[in-house]
>>> print(open('structure.cif').read())   # mmCIF, C-alpha atoms
data_protein
#
loop_
_atom_site.label_atom_id
_atom_site.label_comp_id
_atom_site.auth_asym_id
_atom_site.auth_seq_id
_atom_site.Cartn_x
_atom_site.Cartn_y
_atom_site.Cartn_z
CA MET A 53 32.05 -20.04 59.05
CA VAL A 54 29.02 -21.76 60.60
CA THR A 55 27.09 -18.51 60.54
CA ARG A 56 27.91 -17.94 56.87
CA SER A 57 26.87 -21.48 56.08
CA LEU A 58 23.55 -21.00 57.88
CA ILE A 59 22.93 -17.73 56.03
CA ALA A 60 23.72 -19.34 52.68
CA SER A 61 21.45 -22.29 53.48
CA ALA A 62 18.64 -19.96 54.51
CA ALA A 63 19.03 -17.99 51.29
CA LEU A 64 18.77 -21.17 49.24
CA VAL A 65 15.65 -22.24 51.13
CA LEU A 66 14.03 -18.84 50.59
CA ALA A 67 14.92 -18.88 46.89
CA ALA A 68 13.49 -22.36 46.49
CA ALA A 69 10.34 -21.36 48.34
CA GLY A 70 10.01 -18.29 46.15
CA ALA A 71 10.42 -20.39 43.01
CA GLN A 72 7.80 -22.86 44.22
CA ALA A 73 5.40 -20.01 45.03
CA ALA A 74 5.93 -18.53 41.56
CA GLU A 75 5.28 -21.92 39.97
CA GLY A 76 1.91 -22.18 41.66
CA LYS A 77 0.89 -18.56 41.17
CA PRO A 78 -1.37 -17.86 38.16
CA ILE A 79 0.02 -15.90 35.22
CA VAL A 80 -2.22 -12.87 34.83
CA ILE A 81 -2.97 -11.52 31.35
CA GLY A 82 -4.34 -7.98 31.25
CA VAL A 83 -6.77 -7.12 28.45
CA PRO A 84 -7.47 -3.37 28.26
CA ILE A 85 -10.13 -2.95 25.58
CA GLY A 86 -13.00 -0.74 24.44
CA LEU A 87 -16.02 -2.47 25.96
CA SER A 88 -17.68 0.93 25.59
CA GLY A 89 -17.14 3.60 22.93
CA ALA A 90 -16.16 3.08 19.30
CA ASN A 91 -14.68 -0.41 19.78
CA SER A 92 -17.67 -1.81 21.66
CA VAL A 93 -18.95 -3.42 18.44
CA VAL A 94 -15.87 -5.62 18.05
CA ALA A 95 -14.54 -5.92 21.63
CA PRO A 96 -16.75 -8.89 22.61
CA SER A 97 -15.26 -11.03 19.83
CA VAL A 98 -11.75 -10.18 21.06
CA VAL A 99 -12.60 -11.18 24.62
CA GLN A 100 -14.09 -14.44 23.38
CA SER A 101 -10.88 -15.29 21.51
CA ALA A 102 -8.85 -14.58 24.63
CA GLU A 103 -11.13 -16.77 26.73
CA LEU A 104 -10.78 -19.69 24.32
CA ALA A 105 -6.98 -19.46 24.22
CA VAL A 106 -6.75 -19.39 28.02
CA GLU A 107 -9.17 -22.29 28.37
CA GLU A 108 -7.24 -24.41 25.86
CA ILE A 109 -3.86 -23.69 27.43
CA ASN A 110 -5.09 -24.32 30.99
CA ALA A 111 -6.70 -27.60 29.91
CA LYS A 112 -3.25 -28.78 28.84
CA GLY A 113 -1.54 -27.86 32.10
CA GLY A 114 -1.05 -24.13 31.70
CA VAL A 115 2.35 -22.53 31.14
CA LEU A 116 5.27 -24.01 33.05
CA GLY A 117 2.72 -25.58 35.37
CA ARG A 118 0.94 -22.26 36.05
CA LYS A 119 -2.63 -21.45 35.08
CA LEU A 120 -3.50 -18.41 32.99
CA VAL A 121 -6.00 -15.85 34.28
CA LEU A 122 -7.61 -12.99 32.34
CA GLU A 123 -8.17 -9.50 33.74
CA VAL A 124 -10.34 -7.44 31.36
CA ALA A 125 -10.62 -3.65 31.79
CA ASP A 126 -12.73 -1.21 29.79
CA ASP A 127 -10.63 1.59 28.27
CA ALA A 128 -13.73 3.26 26.74
CA SER A 129 -11.92 3.18 23.36
CA GLY A 130 -10.04 6.39 24.13
CA ALA A 131 -7.04 8.01 25.79
CA ALA A 132 -8.50 8.98 29.18
CA GLY A 133 -10.03 5.57 29.72
CA ALA A 134 -6.85 3.84 28.60
CA GLN A 135 -4.74 5.63 31.21
CA LYS A 136 -7.04 4.34 33.94
CA ALA A 137 -7.28 0.84 32.47
CA PHE A 138 -3.52 0.43 31.98
CA ASP A 139 -2.70 1.84 35.42
CA GLY A 140 -5.27 -0.39 37.10
CA LEU A 141 -4.07 -3.54 35.36
CA ILE A 142 -0.38 -2.87 35.87
CA TYR A 143 -0.27 -1.36 39.36
CA GLN A 144 -3.35 -2.82 41.05
CA LYS A 145 -3.98 -6.15 39.34
CA LYS A 146 -0.23 -6.73 38.93
CA VAL A 147 -0.62 -8.35 35.51
CA ASP A 148 2.31 -10.19 33.98
CA VAL A 149 1.55 -9.05 30.43
CA LEU A 150 -0.88 -6.91 28.45
CA ILE A 151 -2.40 -8.46 25.31
CA SER A 152 -5.11 -6.57 23.44
CA MET A 153 -6.40 -4.61 20.48
CA GLU A 154 -7.25 -0.95 21.08
CA THR A 155 -7.69 2.32 19.28
CA SER A 156 -4.47 4.16 18.51
CA ALA A 157 -5.46 6.89 20.97
CA ALA A 158 -5.81 4.31 23.74
CA ARG A 159 -2.56 2.58 22.83
CA ASN A 160 -0.59 5.83 22.82
CA ALA A 161 -2.06 6.87 26.15
CA GLY A 162 -1.23 3.53 27.74
CA LEU A 163 2.34 3.14 26.53
CA PRO A 164 3.92 5.32 29.28
CA ALA A 165 2.46 2.95 31.90
CA VAL A 166 3.84 -0.02 29.95
CA THR A 167 7.31 1.50 30.04
CA LYS A 168 7.15 2.58 33.68
CA GLY A 169 5.52 -0.64 34.84
CA ARG A 170 7.99 -2.77 32.86
CA VAL A 171 5.47 -5.24 31.47
CA PRO A 172 5.44 -6.88 28.03
CA TYR A 173 2.67 -5.65 25.74
CA ILE A 174 1.45 -7.52 22.66
CA TYR A 175 -0.65 -5.15 20.57
CA THR A 176 -3.08 -7.17 18.48
CA SER A 177 -4.81 -4.45 16.46
CA PHE A 178 -4.13 -3.40 12.91
CA TYR A 179 -2.92 0.20 13.08
CA GLU A 180 -1.25 3.08 11.24
CA GLY A 181 2.30 1.86 11.92
CA HIS A 182 5.53 3.22 13.41
CA SER A 183 4.55 3.02 17.07
CA CYS A 184 7.70 1.82 18.79
CA ASN A 185 8.39 0.79 22.37
CA LYS A 186 10.92 -1.77 23.55
CA ASN A 187 8.19 -3.50 25.58
CA MET A 188 5.65 -3.64 22.72
CA PHE A 189 5.26 -6.25 19.99
CA VAL A 190 2.67 -6.18 17.20
CA ASN A 191 1.16 -9.24 15.50
CA ALA A 192 -1.33 -7.36 13.29
CA TRP A 193 -0.98 -5.50 10.01
CA VAL A 194 0.31 -2.02 9.19
CA PRO A 195 -0.38 0.16 6.08
CA GLU A 196 2.57 -1.26 4.15
CA GLN A 197 0.84 -4.65 4.30
CA GLN A 198 -2.79 -3.64 3.96
CA VAL A 199 -3.14 -0.71 1.56
CA PRO A 200 -1.36 -1.92 -1.64
CA PRO A 201 -3.77 -4.80 -2.39
CA VAL A 202 -6.74 -2.38 -2.31
CA VAL A 203 -5.23 0.38 -4.43
CA ASP A 204 -3.74 -2.06 -6.94
CA ALA A 205 -7.12 -3.79 -7.33
CA PHE A 206 -8.93 -0.49 -7.91
CA LYS A 207 -6.27 0.58 -10.40
CA GLN A 208 -6.84 -2.62 -12.34
CA LYS A 209 -10.55 -1.74 -12.41
CA GLY A 210 -9.65 1.59 -14.04
CA ALA A 211 -9.79 3.91 -11.02
CA LYS A 212 -7.68 7.05 -11.44
CA THR A 213 -9.25 9.42 -8.89
CA TYR A 214 -9.98 8.72 -5.23
CA PHE A 215 -11.82 10.31 -2.30
CA LEU A 216 -10.64 9.54 1.24
CA ILE A 217 -12.80 9.63 4.39
CA GLY A 218 -11.56 8.93 7.92
CA SER A 219 -11.96 9.34 11.65
CA ASP A 220 -9.88 12.24 12.94
CA TYR A 221 -7.24 10.49 15.05
CA ALA A 222 -3.91 8.73 14.60
CA PHE A 223 -5.26 5.64 12.84
CA GLY A 224 -7.60 7.42 10.47
CA ARG A 225 -5.08 10.02 9.38
CA GLY A 226 -2.13 7.63 9.40
CA MET A 227 -3.83 5.06 7.20
CA LEU A 228 -5.15 7.59 4.71
CA GLY A 229 -1.85 9.45 4.68
CA PHE A 230 -0.12 6.27 3.57
CA ALA A 231 -2.94 5.51 1.13
CA LYS A 232 -2.62 8.95 -0.47
CA THR A 233 1.12 8.52 -0.93
CA TYR A 234 0.67 5.07 -2.43
CA ILE A 235 -2.13 6.23 -4.73
CA GLU A 236 0.02 9.04 -6.10
CA LYS A 237 3.02 6.73 -6.60
CA ALA A 238 0.71 4.40 -8.52
CA GLY A 239 -0.27 7.26 -10.85
CA GLY A 240 -3.62 8.07 -9.25
CA LYS A 241 -4.95 11.31 -7.77
CA VAL A 242 -6.76 12.11 -4.53
CA VAL A 243 -9.54 14.58 -5.33
CA GLY A 244 -10.87 14.94 -1.79
CA GLU A 245 -10.04 14.04 1.81
CA ASP A 246 -12.13 14.70 4.91
CA TYR A 247 -12.45 13.59 8.54
CA LEU A 248 -14.97 13.41 11.37
CA PRO A 249 -14.17 13.15 15.11
CA MET A 250 -14.01 9.60 16.48
CA ASP A 251 -17.37 9.94 18.19
CA GLY A 252 -18.98 11.68 15.21
CA SER A 253 -21.95 10.02 13.54
CA ASP A 254 -23.31 12.51 10.99
CA TRP A 255 -21.39 12.10 7.72
CA THR A 256 -23.85 14.14 5.63
CA ALA A 257 -21.57 17.08 4.83
CA ILE A 258 -18.63 14.83 3.89
CA ILE A 259 -20.83 12.66 1.67
CA SER A 260 -21.97 15.81 -0.13
CA LYS A 261 -18.33 16.71 -0.83
CA LEU A 262 -17.74 13.16 -2.06
CA LYS A 263 -20.58 13.44 -4.54
CA GLU A 264 -19.37 16.82 -5.80
CA ALA A 265 -15.84 15.48 -6.37
CA LYS A 266 -17.10 12.54 -8.48
CA PRO A 267 -14.14 10.20 -7.82
CA ASP A 268 -13.66 6.80 -9.41
CA ALA A 269 -13.24 5.08 -6.02
CA LEU A 270 -13.67 5.66 -2.30
CA ILE A 271 -11.33 4.54 0.49
CA THR A 272 -12.26 5.03 4.15
CA SER A 273 -10.41 4.56 7.43
CA THR A 274 -12.65 5.03 10.44
CA ALA A 275 -12.40 3.93 14.06
CA GLY A 276 -13.18 0.20 14.15
CA GLY A 277 -16.77 -0.54 15.07
CA ALA A 278 -19.53 2.07 15.31
CA PRO A 279 -18.13 4.66 12.84
CA ASN A 280 -17.85 1.93 10.21
CA VAL A 281 -21.54 1.20 10.65
CA THR A 282 -22.82 4.80 10.57
CA LEU A 283 -20.67 5.88 7.61
CA THR A 284 -21.54 2.88 5.45
CA LYS A 285 -25.25 3.15 6.25
CA GLN A 286 -25.29 6.82 5.30
CA LEU A 287 -23.29 6.21 2.12
CA ARG A 288 -25.81 3.61 1.03
CA GLY A 289 -28.69 5.87 2.01
CA ALA A 290 -27.21 8.61 -0.16
CA GLY A 291 -27.02 6.27 -3.15
CA VAL A 292 -23.21 6.00 -3.29
CA THR A 293 -22.37 2.97 -5.43
CA LEU A 294 -18.78 3.60 -6.60
CA PRO A 295 -16.03 1.06 -5.73
CA PHE A 296 -15.56 1.34 -1.97
CA ALA A 297 -12.87 -0.07 0.32
CA ASN A 298 -12.84 0.29 4.10
CA LEU A 299 -9.37 0.02 5.65
CA ALA A 300 -10.81 -0.45 9.16
CA LEU A 301 -13.56 -2.97 8.46
CA ASP A 302 -13.45 -6.39 10.09
CA GLU A 303 -15.59 -9.34 9.08
CA GLY A 304 -17.58 -9.34 12.31
CA THR A 305 -18.63 -5.71 11.98
CA ALA A 306 -19.44 -6.28 8.31
CA LYS A 307 -21.88 -9.05 9.24
CA SER A 308 -23.61 -6.78 11.73
CA MET A 309 -24.17 -4.19 8.96
CA GLY A 310 -26.35 -6.47 6.84
CA ALA A 311 -27.09 -5.37 3.28
CA ASP A 312 -25.22 -2.06 3.72
CA ALA A 313 -21.87 -3.89 3.66
CA GLU A 314 -22.47 -5.80 0.44
CA GLY A 315 -19.82 -5.07 -2.17
CA VAL A 316 -17.41 -3.30 0.20
CA TYR A 317 -13.75 -4.30 -0.21
CA LEU A 318 -11.45 -5.00 2.70
CA SER A 319 -7.85 -6.09 3.07
CA ALA A 320 -7.17 -8.37 6.01
CA SER A 321 -4.78 -10.89 7.52
CA TYR A 322 -7.73 -13.04 8.59
CA VAL A 323 -11.05 -14.08 7.07
CA THR A 324 -13.18 -16.96 8.29
CA GLY A 325 -12.88 -18.63 4.89
CA ILE A 326 -9.17 -19.44 5.24
CA ASP A 327 -8.91 -23.10 4.23
CA SER A 328 -6.48 -24.65 6.71
CA PRO A 329 -6.67 -27.32 9.42
CA GLU A 330 -5.69 -24.73 12.06
CA ASN A 331 -8.49 -22.35 11.09
CA LYS A 332 -11.07 -25.14 10.96
CA THR A 333 -10.01 -26.36 14.41
CA PHE A 334 -10.19 -22.80 15.77
CA LEU A 335 -13.65 -22.10 14.32
CA ASP A 336 -15.00 -25.44 15.55
CA ALA A 337 -13.66 -24.72 19.05
CA MET A 338 -15.19 -21.24 19.08
CA LYS A 339 -18.59 -22.60 18.01
CA LYS A 340 -18.44 -25.33 20.61
CA LYS A 341 -17.53 -22.95 23.44
CA PHE A 342 -19.83 -20.02 22.68
CA GLY A 343 -22.66 -21.53 20.66
CA ALA A 344 -25.37 -18.98 19.86
CA GLU A 345 -23.40 -16.29 21.73
CA LEU A 346 -20.44 -16.53 19.35
CA ARG A 347 -19.32 -13.26 17.80
CA THR A 348 -17.89 -13.65 14.30
CA PRO A 349 -14.10 -14.24 14.53
CA ASN A 350 -12.32 -11.48 12.64
CA ASP A 351 -9.10 -9.61 11.90
CA LEU A 352 -9.18 -7.99 15.35
CA SER A 353 -10.09 -11.02 17.45
CA VAL A 354 -7.95 -13.77 15.90
CA PRO A 355 -4.64 -11.94 16.57
CA GLU A 356 -5.68 -11.86 20.25
CA TYR A 357 -6.01 -15.64 20.28
CA GLU A 358 -2.64 -16.12 18.58
CA ALA A 359 -0.91 -13.54 20.79
CA ILE A 360 -1.73 -15.48 23.94
CA TYR A 361 -0.07 -18.51 22.39
CA LEU A 362 2.92 -16.36 21.38
CA TYR A 363 3.25 -15.19 24.97
CA LYS A 364 3.02 -18.81 26.16
CA ALA A 365 5.85 -19.77 23.81
CA ALA A 366 7.99 -16.84 24.98
CA VAL A 367 7.46 -17.61 28.67
CA GLU A 368 8.38 -21.24 28.10
CA LYS A 369 11.53 -20.26 26.23
CA ALA A 370 12.40 -17.66 28.89
CA GLY A 371 11.81 -20.15 31.69
CA GLY A 372 9.47 -17.77 33.49
CA THR A 373 7.60 -14.46 33.31
CA GLU A 374 10.52 -12.12 34.03
CA THR A 375 9.94 -9.22 31.64
CA ALA A 376 13.49 -8.86 30.32
CA LYS A 377 13.73 -12.54 29.43
CA VAL A 378 10.25 -12.64 27.89
CA LEU A 379 11.01 -9.59 25.75
CA GLU A 380 14.19 -11.27 24.56
CA ALA A 381 12.27 -14.40 23.65
CA LEU A 382 9.23 -12.83 21.93
CA PRO A 383 10.83 -12.07 18.53
CA THR A 384 12.33 -15.56 18.36
CA VAL A 385 9.20 -17.65 18.88
CA SER A 386 6.36 -18.44 16.49
CA VAL A 387 2.93 -20.04 16.54
CA THR A 388 0.91 -21.62 13.78
CA GLY A 389 -2.72 -20.62 14.19
CA PRO A 390 -5.80 -19.62 12.19
CA ARG A 391 -3.79 -17.09 10.12
CA GLY A 392 -0.84 -19.39 9.52
CA THR A 393 2.60 -19.10 11.13
CA ILE A 394 3.10 -15.83 13.01
CA ARG A 395 6.47 -14.54 14.21
CA MET A 396 6.98 -10.97 15.46
CA SER A 397 10.53 -10.92 14.16
CA LYS A 398 10.65 -7.78 11.99
CA GLN A 399 11.38 -4.84 14.31
CA HIS A 400 8.72 -6.11 16.76
CA HIS A 401 6.22 -6.58 13.89
CA ALA A 402 5.11 -9.63 11.93
CA PRO A 403 5.27 -10.52 8.22
CA LEU A 404 1.72 -11.58 7.32
CA THR A 405 -0.27 -13.22 4.57
CA MET A 406 -2.89 -10.71 3.42
CA TYR A 407 -6.26 -11.31 1.78
CA LEU A 408 -8.15 -8.91 -0.47
CA GLY A 409 -11.82 -9.62 0.06
CA GLN A 410 -15.26 -8.34 -0.88
CA ILE A 411 -18.31 -8.54 1.39
CA GLN A 412 -21.12 -10.72 0.03
CA ALA A 413 -24.87 -10.41 0.58
CA ASP A 414 -24.78 -12.87 3.49
CA GLY A 415 -21.93 -10.99 5.22
CA THR A 416 -19.23 -13.48 4.33
CA VAL A 417 -16.02 -12.42 2.62
CA LYS A 418 -15.19 -13.62 -0.88
CA VAL A 419 -11.40 -13.73 -1.27
CA ALA A 420 -10.32 -11.94 -4.45
CA GLY A 421 -6.58 -12.17 -3.88
CA THR A 422 -3.97 -13.69 -1.55
CA PHE A 423 -0.57 -12.13 -0.85
CA GLU A 424 1.81 -14.32 1.14
CA ASP A 425 4.31 -13.18 3.78
CA VAL A 426 3.93 -9.46 3.15
CA ASP A 427 6.75 -7.56 4.86
CA PRO A 428 5.74 -4.81 7.32
CA GLY A 429 8.64 -2.67 6.14
CA ASP A 430 10.75 -0.46 8.39
CA GLN A 431 8.57 0.17 11.44
CA CYS A 432 10.97 0.47 14.36
CA PRO A 433 14.54 0.37 13.01
CA LYS A 434 16.02 2.20 16.01
CA LEU A 435 14.65 -0.08 18.74
CA GLN A 436 17.31 -1.11 21.23
#
>>> encode(input="structure.cif", output="C-alpha cells")
Amino acid sequence: MVTRSLIASAALVLAAAGAQAAEGKPIVIGVPIGLSGANSVVAPSVVQSAELAVEEINAKGGVLGRKLVLEVADDASGAAGAQKAFDGLIYQKKVDVLISMETSAARNAGLPAVTKGRVPYIYTSFYEGHSCNKNMFVNAWVPEQQVPPVVDAFKQKGAKTYFLIGSDYAFGRGMLGFAKTYIEKAGGKVVGEDYLPMDGSDWTAIISKLKEAKPDALITSTAGGAPNVTLTKQLRGAGVTLPFANLALDEGTAKSMGADAEGVYLSASYVTGIDSPENKTFLDAMKKKFGAELRTPNDLSVPEYEAIYLYKAAVEKAGGTETAKVLEALPTVSVTGPRGTIRMSKQHHAPLTMYLGQIQADGTVKVAGTFEDVDPGDQCPKLQ
C-alpha cells in the first residue's frame, strides 16, 4: 500500500512539474510562406501582421501565461518548397500551430504533413475553395463570396461577354472555373479563356487572343504577387482599356503597380478604408511599429493578424495547446478585428463581409459596394 501511495504521489509530482514546464514554455507559431517566388511581393506584409499580433499579445501577458514565438520558413511559393517548410516547422521546430497564407500548390503539398504531424493549421489566404482537412481552418474568402460582386457589377454595366486569364494551377483554374459557371448562370458568355504557368511572365500571346475575341469585360485570376504585376503592366502596354477585374489582386500589390492598377476592380474582405474603430487601431499600430518600412495591409495580411488572435482564443478556451482540444474550440470562438467579427464556424470556413472596390490613381481602393456576412457555401460538408 505504501509503495502504491509513493508511486501515485510521484506521478502527481511529475504531472504537476510537466504542467508547470508547459506553462513556461513558449507557444510556437509556424509561418510557412513564399518569401521567394510568386508570393514574395506580398509575403512581407503578412509577416509584419504576424509580428504585430504576437507583440500585442505578449505585451498583455501572452496566452495562458505563455509567450508567443514566430518561426517563419520560406516555402518558395510552390509545392517542393512547401514540403520542406512544413516538415521543418512541424518535425524540427516542433511548432504548436501553423498560421499562414500560401499558394494553393504550397497548401496542398503541406497538408499531408499537417495530418501526420497532428498540428492545427489556420489557412489565411483567399483560395479556390473546397480544400478540406480536419486540422485546417480558413478565415479568408472563397469564390462563392468573392466572384458574385464582380460579375454582378459588370452585368449592371452592360457586359455580356467575358475573357478569362489565369495562372495555370489550382487557384487560377478553380477561381475562373467558378467565375465561368456564375457568368453563364447570370446570362453572360465566356468568349475566351487562357492560362500561363505560375512562373510565366510573357502574356503577349494571350493578350493577342483577348484582343481578337473583343469581350465586354476581362476577369483574371493569377498567382498573388508577381504575375499580377506583369500581366497588368502588359495589358496596359497593349492598350487594353475594357472593364477589368483581378480576382487575385490585393491592395498592397496594387499600390506597388502604380498607374497600371488604376481602374482595376477587386473584390475583397479587407480594404484599408474600412471605417471602424478596430481597423483604425490596427492601422495606427502597424504605422507605429513599422514606420517607413510598413507594407500596405491587405486582404492577405490582415487575415494573418486575426488568425493569431483566433488561435489565442481557441487555446484559452481549450485550456492549453493540445491539438484535439484546440481543433474542437476553433469553430466556436470569434475575434473582432480590422475586418469585423470573424468566426470559422461554417464547415471550417468563415462568413465574411465583402467589398467591391476599384483602384484609384493613388493606389487606394474606392469602395463601390459592401456585402455583409456573405456565406461561404458548402465547402467541407463531410468533415468529421
>>> resolve_selection(input="structure.cif", expression="the PyMOL selection byres ((chain A and resi 144-154) around 9)", output="PyMOL selection string")
chain A and resi 79-86+91+95+98-99+102+122-123+127+129-130+134+138-143+155-159+166+171-178+352-353+355-356+359-360+363+373-375
>>> residues_around(input="structure.cif", residues="A:Arg347", least_positions_apart="3", cutoff="9 Å", atoms="all atoms listed in the file", output="PyMOL selection string")
chain A and resi 94+96-98+100+304+342+344+350
>>> write_last_selection(input="structure.cif", atoms="C-alpha atoms", output="short mmCIF file (atom, residue, chain, number, x, y, z; two decimals), in the coordinates of the input")
data_model
loop_
_atom_site.label_atom_id
_atom_site.label_comp_id
_atom_site.auth_asym_id
_atom_site.auth_seq_id
_atom_site.Cartn_x
_atom_site.Cartn_y
_atom_site.Cartn_z
CA VAL A 94 -15.87 -5.62 18.05
CA PRO A 96 -16.75 -8.89 22.61
CA SER A 97 -15.26 -11.03 19.83
CA VAL A 98 -11.75 -10.18 21.06
CA GLN A 100 -14.09 -14.44 23.38
CA GLY A 304 -17.58 -9.34 12.31
CA PHE A 342 -19.83 -20.02 22.68
CA ALA A 344 -25.37 -18.98 19.86
CA ASN A 350 -12.32 -11.48 12.64
#
>>> resolve_selection(input="structure.cif", expression="the PyMOL selection byres ((chain A and resi 330) around 9)", output="ChimeraX atom specification")
/A:327-329,331-335,388-392
>>> atom_distance(input="structure.cif", atom1="atom CA of A:Gln399", atom2="atom CA of A:Pro433")
6.2 Å
>>> resolve_selection(input="structure.cif", expression="the PyMOL selection byres ((chain A and resi 273) around 10)", output="PyMOL selection string")
chain A and resi 216-220+223-228+231+247+271-272+274-276+279-280+297-301
>>> residues_around(input="structure.cif", residues="A:Gly409", least_positions_apart="4", cutoff="12 Å", atoms="all atoms listed in the file", output="PyMOL selection string")
chain A and resi 198+201-202+205+296-299+301-303+306+314-326+415-423
>>> closest_residue(input="structure.cif", among="A:Leu382, A:Ala192, A:Leu362, A:Val243", to="A:Leu404", atoms="only C-alpha atoms")
A:Ala192
>>> atom_distance(input="structure.cif", atom1="atom CA of A:Lys241", atom2="atom CA of A:Thr213")
4.8 Å
>>> axis_aligned_box(input="structure.cif", around="stretch 106-125 of chain A", padding_each_side="4 Å", output="AutoDock Vina command-line options")
--center_x -2.7 --center_y -16.2 --center_z 31.0 --size_x 23.9 --size_y 33.1 --size_z 18.2
>>> closest_residue(input="structure.cif", among="A:Ala278, A:Ala161, A:Leu87, A:Ala402", to="A:Ala125", atoms="only C-alpha atoms")
A:Leu87
>>> residues_around(input="structure.cif", residues="A:Pro78", least_positions_apart="4", cutoff="6 Å", atoms="all atoms listed in the file", output="JSON, numbers by chain")
{"A": [118, 119, 120]}
>>> atom_distance(input="structure.cif", atom1="atom CA of A:Glu380", atom2="atom CA of A:Asn187")
9.9 Å
>>> closest_residue(input="structure.cif", among="A:Lys266, A:Lys112, A:Lys307, A:Lys237", to="A:Ile411", atoms="only C-alpha atoms")
A:Lys307
>>> closest_residue(input="structure.cif", among="A:Ala381, A:Ala128, A:Val190, A:Ala269", to="A:Val292", atoms="all atoms listed in the file")
A:Ala269
>>> closest_residue(input="structure.cif", among="A:Ala290, A:Ala105, A:Met309, A:Cys184", to="A:Asp414", atoms="only C-alpha atoms")
A:Met309
>>> closest_residue(input="structure.cif", among="A:Asp351, A:Asp430, A:Asp425, A:Glu358", to="A:Ile109", atoms="all atoms listed in the file")
A:Glu358
>>> residues_around(input="structure.cif", residues="A:Met338", least_positions_apart="6", cutoff="9 Å", atoms="all atoms listed in the file", output="list in words")
Gln100, Ser101, Leu104, Leu346 and Pro349 of chain A
>>> residues_around(input="structure.cif", residues="A:Val378", least_positions_apart="5", cutoff="9 Å", atoms="all atoms listed in the file", output="list in words")
Pro172, Tyr363, Ala366, Val367, Glu368, Lys369, Ala370, Gly371, Gly372 and Thr373 of chain A
>>> write_last_selection(input="structure.cif", atoms="C-alpha atoms", output="PDB file, in the coordinates of the input")
ATOM      1  CA  PRO A 172       5.440  -6.880  28.030  1.00  0.00           C
ATOM      2  CA  TYR A 363       3.250 -15.190  24.970  1.00  0.00           C
ATOM      3  CA  ALA A 366       7.990 -16.840  24.980  1.00  0.00           C
ATOM      4  CA  VAL A 367       7.460 -17.610  28.670  1.00  0.00           C
ATOM      5  CA  GLU A 368       8.380 -21.240  28.100  1.00  0.00           C
ATOM      6  CA  LYS A 369      11.530 -20.260  26.230  1.00  0.00           C
ATOM      7  CA  ALA A 370      12.400 -17.660  28.890  1.00  0.00           C
ATOM      8  CA  GLY A 371      11.810 -20.150  31.690  1.00  0.00           C
ATOM      9  CA  GLY A 372       9.470 -17.770  33.490  1.00  0.00           C
ATOM     10  CA  THR A 373       7.600 -14.460  33.310  1.00  0.00           C
TER      11      THR A 373
END
